[in-house]
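Text of my_file_20.cif (mmCIF, C-alpha atoms) as supplied:
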data_run
#
loop_
_atom_site.label_atom_id
_atom_site.label_comp_id
_atom_site.auth_asym_id
_atom_site.auth_seq_id
_atom_site.Cartn_x
_atom_site.Cartn_y
_atom_site.Cartn_z
CA MET A 17 3.85 5.32 18.71
CA ILE A 18 0.30 4.27 17.91
CA GLU A 19 -1.27 5.94 20.95
CA ALA A 20 -0.18 9.47 19.99
CA PRO A 21 -2.07 9.77 16.68
CA LEU A 22 -5.11 8.10 18.23
CA ARG A 23 -5.14 10.61 21.10
CA GLN A 24 -4.62 13.49 18.65
CA ALA A 25 -7.57 12.28 16.56
CA MET A 26 -9.69 11.86 19.68
CA GLY A 27 -9.04 15.46 20.63
CA SER A 28 -9.87 16.83 17.19
CA GLY A 29 -12.71 14.47 16.31
CA ALA A 30 -10.89 13.49 13.11
CA PRO A 31 -10.33 9.96 11.85
CA ALA A 32 -6.92 8.41 12.49
CA LEU A 33 -4.85 6.96 9.67
CA ILE A 34 -2.28 4.44 10.86
CA GLU A 35 -0.01 3.03 8.17
CA ALA A 36 2.41 0.15 7.89
CA THR A 37 4.97 -0.09 5.11
CA TYR A 38 5.82 -3.21 3.13
CA ASN A 39 9.09 -3.74 5.01
CA GLN A 40 7.62 -3.26 8.51
CA VAL A 41 4.60 -5.53 8.11
CA ASN A 42 3.99 -8.17 5.46
CA HIS A 43 2.76 -11.73 4.98
CA ARG A 44 6.23 -13.00 5.92
CA GLY A 45 6.41 -10.89 9.08
CA GLY A 46 8.46 -7.91 7.93
CA TYR A 47 11.12 -6.56 10.25
CA THR A 48 8.58 -6.20 13.07
CA GLY A 49 7.66 -9.89 12.89
CA MET A 50 4.04 -8.91 12.22
CA ALA A 51 1.72 -9.90 9.42
CA PRO A 52 -1.03 -7.40 8.54
CA ALA A 53 -3.58 -9.20 10.74
CA ASP A 54 -1.15 -8.99 13.69
CA PHE A 55 -0.68 -5.26 13.12
CA ARG A 56 -4.46 -4.80 12.91
CA ARG A 57 -4.84 -6.54 16.30
CA LEU A 58 -2.13 -4.31 17.79
CA VAL A 59 -3.79 -1.13 16.52
CA ASP A 60 -7.29 -2.28 17.51
CA GLY A 61 -6.02 -3.17 20.99
CA THR A 62 -4.34 0.19 21.37
CA ALA A 63 -7.50 1.98 20.18
CA HIS A 64 -9.54 0.08 22.78
CA LYS A 65 -6.96 0.89 25.50
CA VAL A 66 -7.14 4.66 24.85
CA GLY A 67 -10.90 4.73 24.16
CA PHE A 68 -10.66 5.57 20.46
CA ASP A 69 -13.78 4.83 18.39
CA PRO A 70 -12.70 2.08 15.96
CA SER A 71 -15.15 3.33 13.32
CA ARG A 72 -12.86 6.38 12.93
CA LEU A 73 -9.75 4.24 12.35
CA ILE A 74 -8.27 3.84 8.86
CA LEU A 75 -5.43 1.38 8.36
CA GLY A 76 -3.11 1.87 5.42
CA GLY A 77 -0.54 -0.22 3.59
CA ASP A 78 2.24 1.90 2.08
CA HIS A 79 4.31 1.11 -1.03
CA LEU A 80 2.89 -2.40 -1.38
CA GLY A 81 4.64 -4.09 -4.26
CA PRO A 82 7.60 -6.28 -5.20
CA ASN A 83 10.32 -4.16 -3.53
CA PRO A 84 11.16 -6.61 -0.69
CA TRP A 85 11.68 -9.35 -3.29
CA LYS A 86 13.23 -7.30 -6.10
CA HIS A 87 16.38 -9.45 -5.93
CA HIS A 88 14.22 -12.26 -7.44
CA ALA A 89 12.84 -12.56 -10.95
CA ALA A 90 9.78 -10.36 -11.57
CA GLU A 91 7.32 -13.26 -11.65
CA GLU A 92 8.40 -14.50 -8.22
CA ALA A 93 8.60 -10.97 -6.76
CA MET A 94 5.11 -10.15 -8.03
CA HIS A 95 3.75 -13.43 -6.62
CA GLU A 96 5.10 -12.42 -3.19
CA ALA A 97 3.72 -8.89 -3.64
CA ALA A 98 0.28 -10.30 -4.48
CA MET A 99 0.31 -12.48 -1.36
CA MET A 100 1.30 -9.44 0.71
CA VAL A 101 -1.45 -7.24 -0.78
CA GLU A 102 -4.01 -9.98 -0.18
CA ALA A 103 -2.93 -10.24 3.48
CA TYR A 104 -3.33 -6.46 3.91
CA VAL A 105 -6.83 -6.22 2.42
CA ARG A 106 -8.06 -9.38 4.15
CA ALA A 107 -6.96 -7.82 7.45
CA GLY A 108 -9.21 -4.85 6.71
CA PHE A 109 -6.65 -2.28 5.58
CA GLU A 110 -8.51 0.34 3.53
CA LYS A 111 -5.88 2.78 2.26
CA ILE A 112 -3.79 0.82 -0.21
CA HIS A 113 -0.75 2.28 -1.96
CA HIS A 114 0.40 -0.05 -4.72
CA ASP A 115 3.96 0.64 -5.86
CA ALA A 116 5.36 -1.59 -8.58
CA SER A 117 7.81 0.98 -9.92
CA MET A 118 11.02 -0.83 -9.03
CA GLY A 119 12.87 -3.23 -11.26
CA CYS A 120 13.39 -6.81 -10.24
CA LEU A 121 16.29 -9.17 -11.00
CA GLY A 122 17.70 -8.39 -14.44
CA GLU A 123 15.55 -5.26 -14.91
CA PRO A 124 16.58 -1.60 -14.73
CA PRO A 125 15.98 0.09 -11.34
CA ALA A 126 13.27 2.38 -12.77
CA LEU A 127 10.72 0.73 -15.05
CA PRO A 128 8.74 2.08 -18.01
CA ASP A 129 5.33 3.45 -17.07
CA GLU A 130 3.49 0.74 -19.02
CA LEU A 131 5.15 -2.06 -17.05
CA THR A 132 4.72 -0.24 -13.73
CA THR A 133 1.04 0.42 -14.31
CA GLY A 134 0.44 -3.13 -15.54
CA ARG A 135 1.97 -4.55 -12.38
CA ALA A 136 0.03 -2.08 -10.21
CA ALA A 137 -3.19 -3.12 -12.00
CA THR A 138 -2.40 -6.76 -11.20
CA LEU A 139 -2.03 -5.85 -7.53
CA ALA A 140 -5.25 -3.81 -7.65
CA ALA A 141 -7.11 -6.87 -8.96
CA VAL A 142 -5.80 -8.82 -5.95
CA SER A 143 -6.98 -6.01 -3.65
CA GLU A 144 -10.43 -5.96 -5.21
CA ALA A 145 -10.83 -9.73 -4.96
CA GLY A 146 -9.81 -9.94 -1.30
CA ALA A 147 -10.99 -6.66 0.22
CA VAL A 148 -13.27 -6.83 3.25
CA SER A 149 -13.94 -3.08 3.01
CA LYS A 150 -13.93 -0.55 0.19
CA PRO A 151 -10.28 0.20 -0.69
CA ILE A 152 -8.93 3.72 -1.05
CA TYR A 153 -6.06 3.59 -3.55
CA VAL A 154 -3.03 5.82 -3.76
CA ILE A 155 -1.33 5.68 -7.13
CA GLY A 156 2.35 6.60 -7.17
CA ALA A 157 5.94 5.60 -6.65
CA GLU A 158 8.96 6.68 -4.67
CA VAL A 159 9.23 10.45 -5.04
CA PRO A 160 12.05 11.14 -5.58
CA PHE A 161 13.67 7.91 -6.70
CA GLN A 162 15.91 6.16 -4.22
CA ALA A 163 19.52 7.42 -4.03
CA GLY A 164 21.64 6.57 -7.05
CA GLN A 165 18.69 5.97 -9.38
CA SER A 166 17.70 8.25 -12.21
CA ALA A 167 14.09 8.93 -13.05
CA LEU A 168 12.53 8.09 -16.37
CA PRO A 169 10.75 10.96 -18.09
CA MET A 170 7.16 10.85 -16.89
CA GLN A 171 4.59 10.55 -19.63
CA SER A 172 1.00 11.55 -19.24
CA ILE A 173 -1.17 8.58 -18.31
CA SER A 174 -4.89 8.88 -18.79
CA PRO A 175 -6.90 6.99 -16.19
CA ALA A 176 -9.23 4.28 -17.41
CA PRO A 177 -12.92 5.15 -17.08
CA MET A 178 -14.25 4.08 -13.71
CA PRO A 179 -17.61 2.32 -13.49
CA SER A 180 -20.13 4.53 -11.71
CA ALA A 181 -20.91 1.78 -9.19
CA GLY A 182 -17.23 0.92 -8.63
CA ARG A 183 -16.08 -0.28 -5.22
CA SER A 184 -12.89 1.74 -5.06
CA ARG A 185 -11.75 5.29 -4.52
CA PHE A 186 -8.48 6.66 -5.90
CA ILE A 187 -6.03 9.33 -4.76
CA GLU A 188 -3.37 10.24 -7.32
CA MET A 189 0.13 11.10 -6.11
CA PRO A 190 2.06 13.97 -7.74
CA SER A 191 4.06 13.01 -10.83
CA ARG A 192 7.78 12.31 -10.68
CA SER A 193 8.68 15.12 -13.09
#

As structure tokens, what does this structure read like?
Amino acid sequence: MIEAPLRQAMGSGAPALIEATYNQVNHRGGYTGMAPADFRRLVDGTAHKVGFDPSRLILGGDHLGPNPWKHHAAEEAMHEAAMMVEAYVRAGFEKIHHDASMGCLGEPPALPDELTTGRAATLAAVSEAGAVSKPIYVIGAEVPFQAGQSALPMQSISPAPMPSAGRSRFIEMPSRS
């Protein structure tokens, strides 16, 4: 599966974005048994095998947040999410999609925007502290919500001013409304 997008990018001269989701790859192994550093080695090895220029490779972590541990209290789930995010950025993943929109033990399935953004900001601080390369952030949640969940009305959220010499780049996902 990894060879095909690399070969496509080689033919077009474009960069290749290869992503892993929180449940496939995480600090506990995910369902593939791989931590982010293991996945990085797999992708780098495949790139070498097919002759893809590694400088055109972008690794992404998708929906990184407390979802795998949402059956635990929020504090424990967020601790696990922070360890996962740190493992992704330390392995050199650049495209980081924080998603802290899901409720944890004792919380509603869909959280208020203030709580979601606060948790995402906590994860962003972990990314900034551990990043080996300049992160590209995607801000957003499951769109639409998972089956059986109802969406909260989306309120307008104004982004905080970014410092001109900031390390990070942001991509905003479409709203849920």

(request) Evaluate the PyMOL selection byres ((chain A and resi 136-138) around 12) here and jot the selected residues down as a ChimeraX atom specification. (result) /A:79-82,91,94-95,97-99,101-102,112-118,129-135,139-145,153-157,175-176

I need the residues from that last selection saved to file as a short mmCIF file (atom, residue, chain, number, x, y, z; two decimals), keeping the file's coordinate frame (with C-alpha atoms), if you can.
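What follows is the written file result-v5.cif:
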data_model
loop_
_atom_site.label_atom_id
_atom_site.label_comp_id
_atom_site.auth_asym_id
_atom_site.auth_seq_id
_atom_site.Cartn_x
_atom_site.Cartn_y
_atom_site.Cartn_z
CA HIS A 79 4.31 1.11 -1.03
CA LEU A 80 2.89 -2.40 -1.38
CA GLY A 81 4.64 -4.09 -4.26
CA PRO A 82 7.60 -6.28 -5.20
CA GLU A 91 7.32 -13.26 -11.65
CA MET A 94 5.11 -10.15 -8.03
CA HIS A 95 3.75 -13.43 -6.62
CA ALA A 97 3.72 -8.89 -3.64
CA ALA A 98 0.28 -10.30 -4.48
CA MET A 99 0.31 -12.48 -1.36
CA VAL A 101 -1.45 -7.24 -0.78
CA GLU A 102 -4.01 -9.98 -0.18
CA ILE A 112 -3.79 0.82 -0.21
CA HIS A 113 -0.75 2.28 -1.96
CA HIS A 114 0.40 -0.05 -4.72
CA ASP A 115 3.96 0.64 -5.86
CA ALA A 116 5.36 -1.59 -8.58
CA SER A 117 7.81 0.98 -9.92
CA MET A 118 11.02 -0.83 -9.03
CA ASP A 129 5.33 3.45 -17.07
CA GLU A 130 3.49 0.74 -19.02
CA LEU A 131 5.15 -2.06 -17.05
CA THR A 132 4.72 -0.24 -13.73
CA THR A 133 1.04 0.42 -14.31
CA GLY A 134 0.44 -3.13 -15.54
CA ARG A 135 1.97 -4.55 -12.38
CA LEU A 139 -2.03 -5.85 -7.53
CA ALA A 140 -5.25 -3.81 -7.65
CA ALA A 141 -7.11 -6.87 -8.96
CA VAL A 142 -5.80 -8.82 -5.95
CA SER A 143 -6.98 -6.01 -3.65
CA GLU A 144 -10.43 -5.96 -5.21
CA ALA A 145 -10.83 -9.73 -4.96
CA TYR A 153 -6.06 3.59 -3.55
CA VAL A 154 -3.03 5.82 -3.76
CA ILE A 155 -1.33 5.68 -7.13
CA GLY A 156 2.35 6.60 -7.17
CA ALA A 157 5.94 5.60 -6.65
CA PRO A 175 -6.90 6.99 -16.19
CA ALA A 176 -9.23 4.28 -17.41
#

(request) Please provide the set of residues having any atom within 10 Å of Ile18 in chain A, restricted to all atoms listed in the file, with same-chain residues fewer than 6 positions apart removed, written as a VMD selection string. (result) chain A and resid 32 34 to 35 58 to 59 62 to 63

Please produce an output containing C-alpha atoms for each residue in the selection, written as a PDB file, in the coordinates of the input.
ATOM      1  CA  ALA A  32      -6.920   8.410  12.490  1.00  0.00           C
ATOM      2  CA  ILE A  34      -2.280   4.440  10.860  1.00  0.00           C
ATOM      3  CA  GLU A  35      -0.010   3.030   8.170  1.00  0.00           C
ATOM      4  CA  LEU A  58      -2.130  -4.310  17.790  1.00  0.00           C
ATOM      5  CA  VAL A  59      -3.790  -1.130  16.520  1.00  0.00           C
ATOM      6  CA  THR A  62      -4.340   0.190  21.370  1.00  0.00           C
ATOM      7  CA  ALA A  63      -7.500   1.980  20.180  1.00  0.00           C
TER       8      ALA A  63
END

(message) If I take CA of Tyr47 in chain A and CA of Asp78 in chain A, how far is one from the other in Å, to one decimal?
(response)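 Between CA of Tyr47 in chain A and CA of Asp78 in chain A the gap is 14.7 Å.
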
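When all atoms listed in the file are used to compute distances to Asn83 in chain A, the closest of the residues A:Met50, A:Leu121, A:Met17, A:Ala147 turns out to be A:Leu121.
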
(request) Can you pull out every residue within 10 Å of Arg72 in chain A, counting only C-alpha atoms, but drop anything in the same chain fewer than 4 positions away, and send it as number ranges by chain? (result) A: 22, 25-26, 29-33, 68

Pull C-alpha atoms for range 36-149 of chain A from the block and write them as a PDB file, in the first residue's frame.
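Final output, part-v6.pdb:
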ATOM      1  CA  ALA A  36      -1.251   6.789   9.918  1.00  0.00           C
ATOM      2  CA  THR A  37      -4.307   7.067  12.130  1.00  0.00           C
ATOM      3  CA  TYR A  38      -4.341   6.877  15.916  1.00  0.00           C
ATOM      4  CA  ASN A  39      -5.732   3.341  15.917  1.00  0.00           C
ATOM      5  CA  GLN A  40      -3.294   1.948  13.314  1.00  0.00           C
ATOM      6  CA  VAL A  41      -0.097   3.351  14.815  1.00  0.00           C
ATOM      7  CA  ASN A  42       0.445   4.712  18.319  1.00  0.00           C
ATOM      8  CA  HIS A  43       2.867   4.628  21.241  1.00  0.00           C
ATOM      9  CA  ARG A  44       1.256   1.364  22.404  1.00  0.00           C
ATOM     10  CA  GLY A  45       1.521  -0.265  18.969  1.00  0.00           C
ATOM     11  CA  GLY A  46      -1.973   0.267  17.577  1.00  0.00           C
ATOM     12  CA  TYR A  47      -3.603  -2.576  15.689  1.00  0.00           C
ATOM     13  CA  THR A  48      -0.593  -2.855  13.367  1.00  0.00           C
ATOM     14  CA  GLY A  49       1.779  -3.394  16.284  1.00  0.00           C
ATOM     15  CA  MET A  50       3.763  -0.327  15.183  1.00  0.00           C
ATOM     16  CA  ALA A  51       4.753   2.757  17.105  1.00  0.00           C
ATOM     17  CA  PRO A  52       5.251   5.940  15.047  1.00  0.00           C
ATOM     18  CA  ALA A  53       9.023   5.376  14.810  1.00  0.00           C
ATOM     19  CA  ASP A  54       8.392   1.851  13.467  1.00  0.00           C
ATOM     20  CA  PHE A  55       6.002   3.215  10.837  1.00  0.00           C
ATOM     21  CA  ARG A  56       8.555   5.871   9.881  1.00  0.00           C
ATOM     22  CA  ARG A  57      11.183   3.137   9.340  1.00  0.00           C
ATOM     23  CA  LEU A  58       8.723   1.140   7.217  1.00  0.00           C
ATOM     24  CA  VAL A  59       7.899   4.145   5.024  1.00  0.00           C
ATOM     25  CA  ASP A  60      11.541   5.250   4.754  1.00  0.00           C
ATOM     26  CA  GLY A  61      12.550   1.703   3.795  1.00  0.00           C
ATOM     27  CA  THR A  62       9.838   1.519   1.168  1.00  0.00           C
ATOM     28  CA  ALA A  63      10.860   4.932  -0.213  1.00  0.00           C
ATOM     29  CA  HIS A  64      14.463   3.727  -0.489  1.00  0.00           C
ATOM     30  CA  LYS A  65      13.329   0.482  -2.177  1.00  0.00           C
ATOM     31  CA  VAL A  66      11.379   2.313  -4.909  1.00  0.00           C
ATOM     32  CA  GLY A  67      13.889   5.166  -5.286  1.00  0.00           C
ATOM     33  CA  PHE A  68      11.660   7.916  -3.877  1.00  0.00           C
ATOM     34  CA  ASP A  69      13.465  11.073  -2.717  1.00  0.00           C
ATOM     35  CA  PRO A  70      12.880  11.186   1.067  1.00  0.00           C
ATOM     36  CA  SER A  71      12.967  15.001   1.056  1.00  0.00           C
ATOM     37  CA  ARG A  72       9.598  14.871  -0.777  1.00  0.00           C
ATOM     38  CA  LEU A  73       8.006  12.617   1.853  1.00  0.00           C
ATOM     39  CA  ILE A  74       5.527  14.015   4.390  1.00  0.00           C
ATOM     40  CA  LEU A  75       4.321  11.766   7.200  1.00  0.00           C
ATOM     41  CA  GLY A  76       1.019  12.555   8.855  1.00  0.00           C
ATOM     42  CA  GLY A  77      -0.741  11.539  12.046  1.00  0.00           C
ATOM     43  CA  ASP A  78      -4.527  11.578  11.677  1.00  0.00           C
ATOM     44  CA  HIS A  79      -7.102  12.212  14.429  1.00  0.00           C
ATOM     45  CA  LEU A  80      -4.508  12.161  17.203  1.00  0.00           C
ATOM     46  CA  GLY A  81      -6.312  12.529  20.503  1.00  0.00           C
ATOM     47  CA  PRO A  82      -7.926  10.608  23.346  1.00  0.00           C
ATOM     48  CA  ASN A  83     -10.262   8.441  21.214  1.00  0.00           C
ATOM     49  CA  PRO A  84      -8.469   5.096  21.791  1.00  0.00           C
ATOM     50  CA  TRP A  85      -8.707   5.677  25.549  1.00  0.00           C
ATOM     51  CA  LYS A  86     -12.108   7.387  25.731  1.00  0.00           C
ATOM     52  CA  HIS A  87     -13.397   4.580  27.965  1.00  0.00           C
ATOM     53  CA  HIS A  88     -11.090   6.039  30.675  1.00  0.00           C
ATOM     54  CA  ALA A  89     -11.455   9.281  32.612  1.00  0.00           C
ATOM     55  CA  ALA A  90     -10.464  12.363  30.594  1.00  0.00           C
ATOM     56  CA  GLU A  91      -7.252  12.982  32.538  1.00  0.00           C
ATOM     57  CA  GLU A  92      -5.956   9.467  31.840  1.00  0.00           C
ATOM     58  CA  ALA A  93      -7.140   9.505  28.209  1.00  0.00           C
ATOM     59  CA  MET A  94      -5.451  12.856  27.586  1.00  0.00           C
ATOM     60  CA  HIS A  95      -2.231  11.610  29.218  1.00  0.00           C
ATOM     61  CA  GLU A  96      -2.207   8.686  26.756  1.00  0.00           C
ATOM     62  CA  ALA A  97      -3.047  11.053  23.878  1.00  0.00           C
ATOM     63  CA  ALA A  98      -0.141  13.322  24.845  1.00  0.00           C
ATOM     64  CA  MET A  99       2.267  10.371  24.895  1.00  0.00           C
ATOM     65  CA  MET A 100       0.986   9.315  21.466  1.00  0.00           C
ATOM     66  CA  VAL A 101       1.357  12.822  19.992  1.00  0.00           C
ATOM     67  CA  GLU A 102       4.875  13.078  21.401  1.00  0.00           C
ATOM     68  CA  ALA A 103       5.799   9.737  19.794  1.00  0.00           C
ATOM     69  CA  TYR A 104       4.490  10.956  16.415  1.00  0.00           C
ATOM     70  CA  VAL A 105       6.368  14.270  16.394  1.00  0.00           C
ATOM     71  CA  ARG A 106       9.583  12.759  17.769  1.00  0.00           C
ATOM     72  CA  ALA A 107       9.466  10.264  14.880  1.00  0.00           C
ATOM     73  CA  GLY A 108       9.428  13.200  12.458  1.00  0.00           C
ATOM     74  CA  PHE A 109       5.762  13.257  11.474  1.00  0.00           C
ATOM     75  CA  GLU A 110       5.012  16.744  10.135  1.00  0.00           C
ATOM     76  CA  LYS A 111       1.287  16.817   9.344  1.00  0.00           C
ATOM     77  CA  ILE A 112      -0.459  16.593  12.699  1.00  0.00           C
ATOM     78  CA  HIS A 113      -4.243  16.423  13.045  1.00  0.00           C
ATOM     79  CA  HIS A 114      -5.234  16.865  16.680  1.00  0.00           C
ATOM     80  CA  ASP A 115      -8.763  15.672  17.416  1.00  0.00           C
ATOM     81  CA  ALA A 116      -9.968  15.974  20.990  1.00  0.00           C
ATOM     82  CA  SER A 117     -13.645  16.242  20.107  1.00  0.00           C
ATOM     83  CA  MET A 118     -14.825  13.007  21.680  1.00  0.00           C
ATOM     84  CA  GLY A 119     -16.075  12.617  25.208  1.00  0.00           C
ATOM     85  CA  CYS A 120     -14.299  10.363  27.651  1.00  0.00           C
ATOM     86  CA  LEU A 121     -15.715   8.295  30.527  1.00  0.00           C
ATOM     87  CA  GLY A 122     -18.685  10.109  32.059  1.00  0.00           C
ATOM     88  CA  GLU A 123     -18.759  12.832  29.379  1.00  0.00           C
ATOM     89  CA  PRO A 124     -21.204  13.299  26.497  1.00  0.00           C
ATOM     90  CA  PRO A 125     -20.049  11.845  23.145  1.00  0.00           C
ATOM     91  CA  ALA A 126     -19.720  15.319  21.559  1.00  0.00           C
ATOM     92  CA  LEU A 127     -18.015  17.962  23.689  1.00  0.00           C
ATOM     93  CA  PRO A 128     -18.473  21.735  23.864  1.00  0.00           C
ATOM     94  CA  ASP A 129     -16.115  23.665  21.592  1.00  0.00           C
ATOM     95  CA  GLU A 130     -14.298  25.281  24.529  1.00  0.00           C
ATOM     96  CA  LEU A 131     -13.347  21.906  26.020  1.00  0.00           C
ATOM     97  CA  THR A 132     -12.415  20.447  22.627  1.00  0.00           C
ATOM     98  CA  THR A 133     -10.197  23.383  21.724  1.00  0.00           C
ATOM     99  CA  GLY A 134      -8.592  23.430  25.167  1.00  0.00           C
ATOM    100  CA  ARG A 135      -7.670  19.767  24.861  1.00  0.00           C
ATOM    101  CA  ALA A 136      -6.411  20.284  21.300  1.00  0.00           C
ATOM    102  CA  ALA A 137      -4.273  23.200  22.532  1.00  0.00           C
ATOM    103  CA  THR A 138      -2.786  20.924  25.189  1.00  0.00           C
ATOM    104  CA  LEU A 139      -1.866  18.411  22.488  1.00  0.00           C
ATOM    105  CA  ALA A 140      -0.453  21.193  20.299  1.00  0.00           C
ATOM    106  CA  ALA A 141       1.840  22.241  23.160  1.00  0.00           C
ATOM    107  CA  VAL A 142       3.110  18.652  23.328  1.00  0.00           C
ATOM    108  CA  SER A 143       3.694  18.715  19.552  1.00  0.00           C
ATOM    109  CA  GLU A 144       5.589  21.986  19.727  1.00  0.00           C
ATOM    110  CA  ALA A 145       7.803  20.792  22.573  1.00  0.00           C
ATOM    111  CA  GLY A 146       8.753  17.506  20.909  1.00  0.00           C
ATOM    112  CA  ALA A 147       8.757  18.275  17.184  1.00  0.00           C
ATOM    113  CA  VAL A 148      11.911  17.505  15.222  1.00  0.00           C
ATOM    114  CA  SER A 149      10.524  19.352  12.183  1.00  0.00           C
TER     115      SER A 149
END
